[in-house]
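> My structure file my_file_12.txt, compact mmCIF, C-alpha atoms, is below:
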# COMPACT_ATOMS: atom_id res chain seq x y z
CA MET A 258 -6.33 10.32 15.02
CA VAL A 259 -5.40 6.88 13.78
CA LEU A 260 -8.06 4.23 14.04
CA PRO A 261 -6.65 0.93 15.27
CA PHE A 262 -6.79 -1.97 12.85
CA GLY A 263 -9.52 -4.52 13.43
CA VAL A 264 -11.71 -7.11 11.74
CA GLU A 265 -15.13 -8.51 12.53
CA THR A 266 -17.19 -11.23 10.90
CA VAL A 267 -20.94 -10.84 10.46
CA GLN A 268 -23.71 -12.56 8.52
CA GLU A 269 -26.13 -10.36 6.62
CA GLY A 270 -28.96 -11.63 4.42
CA GLY A 271 -27.25 -14.99 4.17
CA ALA A 272 -23.91 -13.53 3.13
CA PRO A 273 -20.73 -13.78 5.17
CA ILE A 274 -19.09 -10.40 5.57
CA LEU A 275 -15.63 -9.49 6.83
CA ARG A 276 -15.57 -5.89 8.00
CA VAL A 277 -12.10 -4.38 8.09
CA CYS A 278 -11.35 -1.10 9.82
CA GLY A 279 -8.35 1.10 10.53
CA GLU A 280 -5.04 1.13 8.67
CA VAL A 281 -3.91 -1.80 6.54
CA ASP A 282 -0.15 -1.67 6.02
CA VAL A 283 2.91 -3.89 6.33
CA HIS A 284 2.29 -4.08 10.07
CA THR A 285 -1.37 -5.12 10.01
CA ALA A 286 -1.60 -6.98 6.65
CA PRO A 287 -0.66 -10.34 8.27
CA GLN A 288 -3.76 -10.05 10.49
CA LEU A 289 -5.88 -9.31 7.43
CA LYS A 290 -4.38 -12.30 5.66
CA GLU A 291 -5.29 -14.58 8.54
CA ALA A 292 -8.86 -13.28 8.70
CA LEU A 293 -9.31 -13.62 4.94
CA ALA A 294 -7.97 -17.18 4.96
CA GLN A 295 -10.47 -18.10 7.65
CA MET A 296 -13.32 -16.51 5.70
CA ALA A 297 -12.30 -18.39 2.55
CA ALA A 298 -12.20 -21.67 4.45
CA GLU A 299 -15.64 -21.16 5.96
CA SER A 300 -17.51 -19.65 3.00
CA GLY A 301 -18.61 -21.81 0.12
CA TYR A 302 -19.64 -19.67 -2.81
CA GLY A 303 -17.96 -16.46 -1.78
CA PHE A 304 -18.01 -13.61 0.68
CA VAL A 305 -18.00 -9.86 1.15
CA VAL A 306 -14.95 -7.93 2.33
CA SER A 307 -15.95 -4.47 3.46
CA LEU A 308 -13.22 -1.85 3.36
CA ALA A 309 -15.72 0.88 4.25
CA GLY A 310 -14.05 1.38 7.63
CA VAL A 311 -10.51 1.36 6.25
CA SER A 312 -8.76 4.70 6.64
CA TYR A 313 -5.55 3.66 4.91
CA VAL A 314 -4.45 0.85 2.60
CA ASP A 315 -1.39 0.31 0.39
CA SER A 316 0.23 -2.42 -1.71
CA THR A 317 0.57 -4.74 1.28
CA GLY A 318 -3.20 -4.82 1.80
CA LEU A 319 -3.91 -5.01 -1.91
CA GLY A 320 -1.33 -7.75 -2.36
CA THR A 321 -3.03 -9.71 0.42
CA ILE A 322 -6.41 -9.34 -1.25
CA ALA A 323 -4.94 -10.22 -4.66
CA GLN A 324 -3.44 -13.42 -3.25
CA LEU A 325 -6.79 -14.29 -1.75
CA ALA A 326 -8.55 -13.59 -5.04
CA ARG A 327 -6.14 -15.90 -6.79
CA SER A 328 -6.72 -18.84 -4.47
CA ALA A 329 -10.45 -18.10 -4.29
CA GLY A 330 -10.66 -18.16 -8.07
CA LYS A 331 -9.27 -21.68 -8.11
CA MET A 332 -12.03 -22.75 -5.72
CA ASP A 333 -14.73 -20.94 -7.71
CA GLN A 334 -15.26 -18.51 -4.88
CA ARG A 335 -16.19 -14.92 -5.59
CA ILE A 336 -15.05 -11.93 -3.59
CA PHE A 337 -17.19 -8.82 -3.31
CA LEU A 338 -15.19 -5.81 -2.10
CA VAL A 339 -16.95 -2.84 -0.59
CA ALA A 340 -15.01 0.39 -1.06
CA THR A 341 -16.39 3.83 -0.35
CA SER A 342 -13.59 6.28 0.46
CA PRO A 343 -11.80 8.11 -2.38
CA HIS A 344 -8.43 6.93 -1.03
CA VAL A 345 -9.35 3.23 -1.04
CA LEU A 346 -10.96 3.52 -4.48
CA LYS A 347 -7.87 5.21 -5.89
CA VAL A 348 -5.52 2.57 -4.49
CA LEU A 349 -7.77 -0.15 -5.94
CA GLU A 350 -7.70 1.55 -9.31
CA VAL A 351 -3.93 2.07 -9.41
CA SER A 352 -3.36 -1.57 -8.40
CA GLY A 353 -5.49 -2.90 -11.25
CA ILE A 354 -7.11 -5.42 -8.92
CA THR A 355 -10.56 -4.36 -10.11
CA GLN A 356 -10.07 -6.18 -13.40
CA LYS A 357 -9.97 -9.66 -11.91
CA ASN A 358 -12.42 -11.97 -10.14
CA VAL A 359 -13.01 -9.31 -7.53
CA VAL A 360 -16.19 -7.28 -7.79
CA VAL A 361 -16.04 -3.79 -6.27
CA CYS A 362 -19.33 -2.57 -4.80
CA ALA A 363 -20.32 0.85 -3.49
CA SER A 364 -22.14 -0.45 -0.41
CA GLU A 365 -22.45 -3.50 1.77
CA SER A 366 -26.09 -4.04 0.78
CA GLU A 367 -25.18 -3.96 -2.91
CA ALA A 368 -22.43 -6.52 -2.29
CA VAL A 369 -24.78 -8.79 -0.34
CA GLN A 370 -27.41 -8.52 -3.06
CA GLN A 371 -24.93 -9.41 -5.77
CA LEU A 372 -23.50 -12.34 -3.85
CA VAL A 373 -26.88 -13.80 -2.92
CA GLY A 374 -28.24 -13.10 -6.43
CA GLN A 375 -25.40 -14.90 -8.15
CA ARG A 376 -25.50 -17.81 -5.78
CA ALA A 377 -29.20 -18.40 -6.46
CA MET B 176 15.43 17.64 -10.01
CA MET B 177 15.31 21.40 -9.77
CA MET B 178 17.63 23.07 -7.32
CA THR B 179 15.75 26.22 -6.51
CA ALA B 180 15.71 28.01 -3.19
CA THR B 181 16.78 26.45 0.04
CA ALA B 182 14.91 23.66 1.69
CA GLU B 183 13.90 23.22 5.27
CA THR B 184 14.62 19.63 6.13
CA ILE B 185 13.25 17.19 8.64
CA GLN B 186 15.15 13.99 9.24
CA MET B 187 14.13 10.75 10.87
CA THR B 188 16.05 7.58 11.60
CA LEU B 189 14.01 4.58 12.54
CA PRO B 190 14.41 0.91 13.30
CA CYS B 191 13.61 -1.34 10.36
CA ARG B 192 10.35 -2.59 11.86
CA SER B 193 6.82 -2.64 10.47
CA GLY B 194 5.32 -0.91 13.50
CA TYR B 195 7.15 2.32 12.62
CA VAL B 196 5.75 2.74 9.11
CA GLY B 197 2.64 4.32 10.60
CA VAL B 198 4.86 6.84 12.41
CA VAL B 199 6.57 7.87 9.15
CA ARG B 200 3.15 8.11 7.52
CA LEU B 201 1.84 10.39 10.26
CA THR B 202 4.94 12.58 10.01
CA ALA B 203 4.67 12.78 6.21
CA SER B 204 1.03 13.70 6.54
CA GLY B 205 1.79 16.45 9.05
CA ILE B 206 4.55 17.96 6.94
CA ALA B 207 2.52 17.80 3.71
CA SER B 208 -0.44 19.37 5.43
CA ARG B 209 1.76 22.19 6.73
CA LEU B 210 3.00 22.86 3.17
CA GLY B 211 -0.59 23.18 1.97
CA PHE B 212 -1.08 19.97 -0.01
CA SER B 213 -4.65 18.85 -0.75
CA ILE B 214 -6.14 15.89 1.10
CA GLU B 215 -5.81 13.75 -2.03
CA ASP B 216 -2.14 14.67 -2.45
CA ILE B 217 -1.50 13.93 1.22
CA GLU B 218 -3.00 10.45 0.77
CA ASP B 219 -0.73 9.89 -2.25
CA ILE B 220 2.34 10.98 -0.28
CA LYS B 221 1.39 8.72 2.64
CA VAL B 222 1.11 5.69 0.36
CA ALA B 223 4.36 6.42 -1.52
CA VAL B 224 6.34 6.91 1.71
CA SER B 225 4.88 3.73 3.21
CA GLU B 226 5.73 1.72 0.10
CA ALA B 227 9.38 2.77 0.23
CA CYS B 228 9.62 1.93 3.95
CA THR B 229 7.81 -1.37 3.38
CA ASN B 230 10.33 -2.37 0.72
CA ALA B 231 13.17 -1.59 3.11
CA ILE B 232 11.54 -3.62 5.90
CA GLN B 233 10.68 -6.62 3.75
CA TYR B 234 13.71 -6.88 1.50
CA ALA B 235 16.67 -4.77 2.55
CA TYR B 236 18.09 -6.61 5.52
CA ARG B 237 18.71 -10.29 6.03
CA ASP B 238 18.23 -9.57 9.70
CA PRO B 239 15.92 -6.54 9.95
CA ALA B 240 16.69 -6.24 13.68
CA ASP B 241 20.07 -4.73 12.73
CA GLY B 242 18.62 -2.43 10.13
CA ARG B 243 17.70 1.20 10.09
CA ILE B 244 15.84 3.45 7.69
CA GLU B 245 16.62 7.13 7.17
CA VAL B 246 13.92 9.44 5.94
CA ASP B 247 14.59 13.03 4.84
CA PHE B 248 11.81 15.46 4.09
CA ALA B 249 13.00 18.53 2.17
CA CYS B 250 10.34 21.22 2.14
CA TYR B 251 10.46 23.75 -0.70
CA SER B 252 7.97 26.48 -1.43
CA ASP B 253 6.74 24.60 -4.49
CA ARG B 254 7.32 20.93 -3.63
CA LEU B 255 8.08 18.26 -1.08
CA GLU B 256 11.05 16.04 -1.73
CA ILE B 257 11.36 12.83 0.27
CA SER B 258 14.35 10.48 0.40
CA ILE B 259 14.10 7.06 2.01
CA ARG B 260 17.34 5.22 2.48
CA ASP B 261 18.35 1.81 3.79
CA PHE B 262 21.78 0.24 4.12
CA GLY B 263 20.83 -3.31 3.24
CA GLN B 264 21.60 -5.74 0.47
CA GLY B 265 20.13 -3.74 -2.39
CA PHE B 266 18.28 -5.26 -5.35
CA ASP B 267 18.21 -5.36 -9.14
CA VAL B 268 15.97 -2.42 -10.04
CA ALA B 269 15.60 -3.42 -13.70
CA ALA B 270 14.59 -7.01 -12.93
CA THR B 271 12.00 -5.86 -10.40
CA LYS B 272 10.47 -3.51 -12.96
CA GLN B 273 10.04 -6.47 -15.30
CA THR B 274 8.30 -8.41 -12.54
CA LYS B 275 6.11 -5.38 -12.04
CA GLN B 276 4.85 -5.65 -15.59
CA ALA B 277 4.17 -9.33 -15.09
CA ALA B 278 2.29 -8.40 -11.92
CA ASP B 279 -0.39 -6.83 -14.07
CA ASP B 280 -2.02 -10.21 -14.57
CA TRP B 281 -1.87 -10.90 -10.84
CA ALA B 282 -0.48 -14.36 -11.28
CA PRO B 283 3.23 -14.27 -10.52
CA ASP B 284 4.73 -17.25 -8.77
CA ASP B 285 6.74 -15.09 -6.44
CA SER B 286 4.36 -13.11 -4.28
CA GLU B 287 7.23 -11.26 -2.58
CA LYS B 288 8.42 -9.83 -5.86
CA LEU B 289 4.85 -8.96 -6.70
CA GLY B 290 4.63 -6.97 -3.48
CA MET B 291 7.77 -5.01 -4.24
CA GLY B 292 6.77 -4.44 -7.87
CA LEU B 293 3.37 -3.20 -6.83
CA GLY B 294 4.94 -0.91 -4.23
CA LEU B 295 7.18 0.66 -6.88
CA THR B 296 4.16 1.07 -9.17
CA PHE B 297 2.36 2.98 -6.45
CA ILE B 298 5.33 5.30 -5.90
CA GLU B 299 5.60 6.00 -9.64
CA GLN B 300 1.90 6.53 -10.12
CA LEU B 301 1.24 8.69 -7.09
CA MET B 302 4.28 10.99 -7.09
CA ASP B 303 5.38 13.50 -9.75
CA VAL B 304 8.98 12.29 -9.80
CA SER B 305 10.49 9.12 -8.37
CA LYS B 306 13.87 7.50 -8.62
CA VAL B 307 15.21 4.28 -7.16
CA ASP B 308 18.94 3.77 -6.75
CA SER B 309 20.14 0.47 -5.43
CA ILE B 310 23.69 -0.72 -5.01
CA PRO B 311 24.17 -4.41 -4.17
CA GLY B 312 25.60 -4.73 -0.69
CA LYS B 313 25.29 -1.01 0.03
CA GLY B 314 21.61 -0.28 0.12
CA THR B 315 18.76 1.44 -1.61
CA THR B 316 17.66 5.07 -1.85
CA VAL B 317 14.24 6.09 -3.10
CA VAL B 318 13.80 9.77 -3.89
CA MET B 319 10.33 11.09 -4.63
CA VAL B 320 8.87 14.51 -5.30
CA LYS B 321 5.33 15.83 -5.02
CA ARG B 322 4.73 19.29 -6.44
CA LEU B 323 2.32 21.72 -4.90
CA SER B 324 -0.36 22.41 -7.45
CA VAL B 325 -1.08 26.07 -7.95
CA ASP B 326 -4.77 26.83 -8.21
I'd like the structure from this file rewritten - as structure tokens, please.

Amino acid sequence: MVLPFGVETVQEGGAPILRVCGEVDVHTAPQLKEALAQMAAESGYGFVVSLAGVSYVDSTGLGTIAQLARSAGKMDQRIFLVATSPHVLKVLEVSGITQKNVVVCASESEAVQQLVGQRA
Amino acid sequence: MMMTATAETIQMTLPCRSGYVGVVRLTASGIASRLGFSIEDIEDIKVAVSEACTNAIQYAYRDPADGRIEVDFACYSDRLEISIRDFGQGFDVAATKQTKQAADDWAPDDSEKLGMGLGLTFIEQLMDVSKVDSIPGKGTTVVMVKRLSVD
């Protein structure tokens, strides 16, 4: 069973969240890029990107997030990534993205708390 | 690479289009599962195979519509060997590896090269053996091996 790729935007506790689900690869990464760009344009301080529903991600998805992190950094925006599955965590680790202005959180509520806490 | 025993091979030829990477991934996953790889190893294989196909789709052909990708899965009792081949323009393997190092600080000017460098990093990190051969004007072959761990 392959879950189809999809994104949805929600607001939780004052934090904008982009929930991504399904497989992020060379085919679906352009859709992720578009959604992330829209989030970045609409969110001031920063936002949460939840990969909790992502069943597969590779360098195309990570590259997309890294590009976003780079432009977000210039605008003083912070990105809080939610990653829960061993596969997503491993890919994040191998990519080295965790070292930059991207904070990886274990749950959506933790990410929201951190974002709202730092904004205050 | 060791040349022990005979392999059972599965071959695929696919159009050089992004929508087919998921098909290769599903096939790789099915074959690896049949050979008895762990879930973690299967995830590694899926990523490595996708990265090689992605490189072919994004960089091999000036007009990807004309392109094709060949994927061979050679199943041995102790390992899975996968070759992914395109017939495109090829690239400078050494130069890309240098870009890959620069990609560590996530600030390269050329995001396309970053993508390819990162893809090659994934293949190297997630497989036991990997080798990239590229001949300008002829194409690129990526060979990768995942060994079955004996517990």
> Report as a list in words all protein, DNA and RNA residues lying within 6 Å of stretch 351-367 of chain A, evaluated on all atoms listed in the file, omitting residues in the same chain fewer than 5 positions from it.
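Close residues of stretch 351-367 of chain A: Ile336, Phe337, Leu338, Val339, Ala340 and Thr341 of chain A.
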> Kindly determine which residues of chain B lie within 6 Å of chain A, considering all atoms listed in the file, and give the answer as a list in words.
Ser193, Gly194, Val222 and Gly294 of chain B
> Work out how far atom CA of B:Ser225 is from atom CA of B:Gly197, in Å to one decimal.
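If I compute the distance from atom CA of B:Gly197 to atom CA of B:Ser225, I get 7.7 Å.
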> Take atom CA of B:Lys306 and atom CA of A:Ser342 and report the distance between them in Å, one decimal.
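Atom-to-atom, atom CA of B:Lys306 and atom CA of A:Ser342 are spaced 28.9 Å apart.
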> I'd like to know which of B:Thr184, B:Leu189, B:Ser258, B:Phe297 is closest to B:Ala240, using all atoms listed in the file.
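Closest residue, counting all atoms listed in the file: B:Leu189.
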> If I take atom CA of B:Ala231 and atom CA of B:Glu299, how far is one from the other in Å, to one decimal?
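Separation between atom CA of B:Ala231 and atom CA of B:Glu299: 16.7 Å.
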> Residues at most 7 Å from stretch 200-209 of chain B, counting all atoms listed in the file, excluding those fewer than 5 positions away in the same chain, as a PDB file with C-alpha atoms, keeping the file's coordinate frame?

ATOM      1  CA  ILE B 217      -1.500  13.930   1.220  1.00  0.00           C
ATOM      2  CA  LYS B 221       1.390   8.720   2.640  1.00  0.00           C
ATOM      3  CA  VAL B 224       6.340   6.910   1.710  1.00  0.00           C
ATOM      4  CA  SER B 225       4.880   3.730   3.210  1.00  0.00           C
TER       5      SER B 225
END
> Write out as a ChimeraX atom specification which residues come within 8 Å of A:Thr266 when counting only C-alpha atoms, dropping same-chain ones fewer than 5 positions away.
/A:273-276
> Would you give me, as a tab-separated table, each residue of stretch 305-349 of chain A having an atom within 9 Å of an atom of stretch 292-296 of chain A, along with its shortest atom pair and that distance in Å to one decimal, using only C-alpha atoms and sorting by chain and residue number?

residue	atom	partner	partner_atom	distance
A:Val306	CA	A:Leu293	CA	8.4
A:Thr321	CA	A:Leu293	CA	8.7
A:Ile322	CA	A:Leu293	CA	8.1
A:Leu325	CA	A:Leu293	CA	7.2
> Take the point (5.1, 6.5, -6.2) in the file's coordinates, draw a sphere of radius 9 Å around it, and report as number ranges by chain every protein, DNA or RNA residue with an atom inside or on it, counting only C-alpha atoms.
B: 219-220, 222-224, 226-227, 294-305, 319-320
> If we count all atoms listed in the file and set the cut-off at 7 Å, which residues sit around B:Thr315, ignoring sequence neighbours fewer than 4 positions away in its own chain? Please answer as a ChimeraX atom specification.
/B:260-262,265,308-310
> Between B:Ala182, B:Cys191, B:Ile232, B:Ala270, single out the one closest to B:Phe248, counting all atoms listed in the file.
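For B:Phe248, the nearest of the candidates is B:Ala182.
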> Edge lengths and centre in Å to one decimal, as JSON, of the axis-aligned box that encloses all listed atoms of stretch 205-222 of chain B with 6 Å added on every side?

{"center_x": -0.8, "center_y": 14.4, "center_z": 3.3, "size_x": 22.7, "size_y": 29.5, "size_z": 23.5}
> Which of these, B:Asp216, B:Thr188, B:Gly314, B:Val268, has the shortest distance to B:Arg237 once you count all atoms listed in the file?
B:Gly314
> Which is closest to B:Arg322 among B:Leu210, B:Ala235, B:Leu255, B:Met187, if we use all atoms listed in the file?
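Going through B:Leu210, B:Ala235, B:Leu255, B:Met187 one by one, the smallest distance to B:Arg322 is for B:Leu255.
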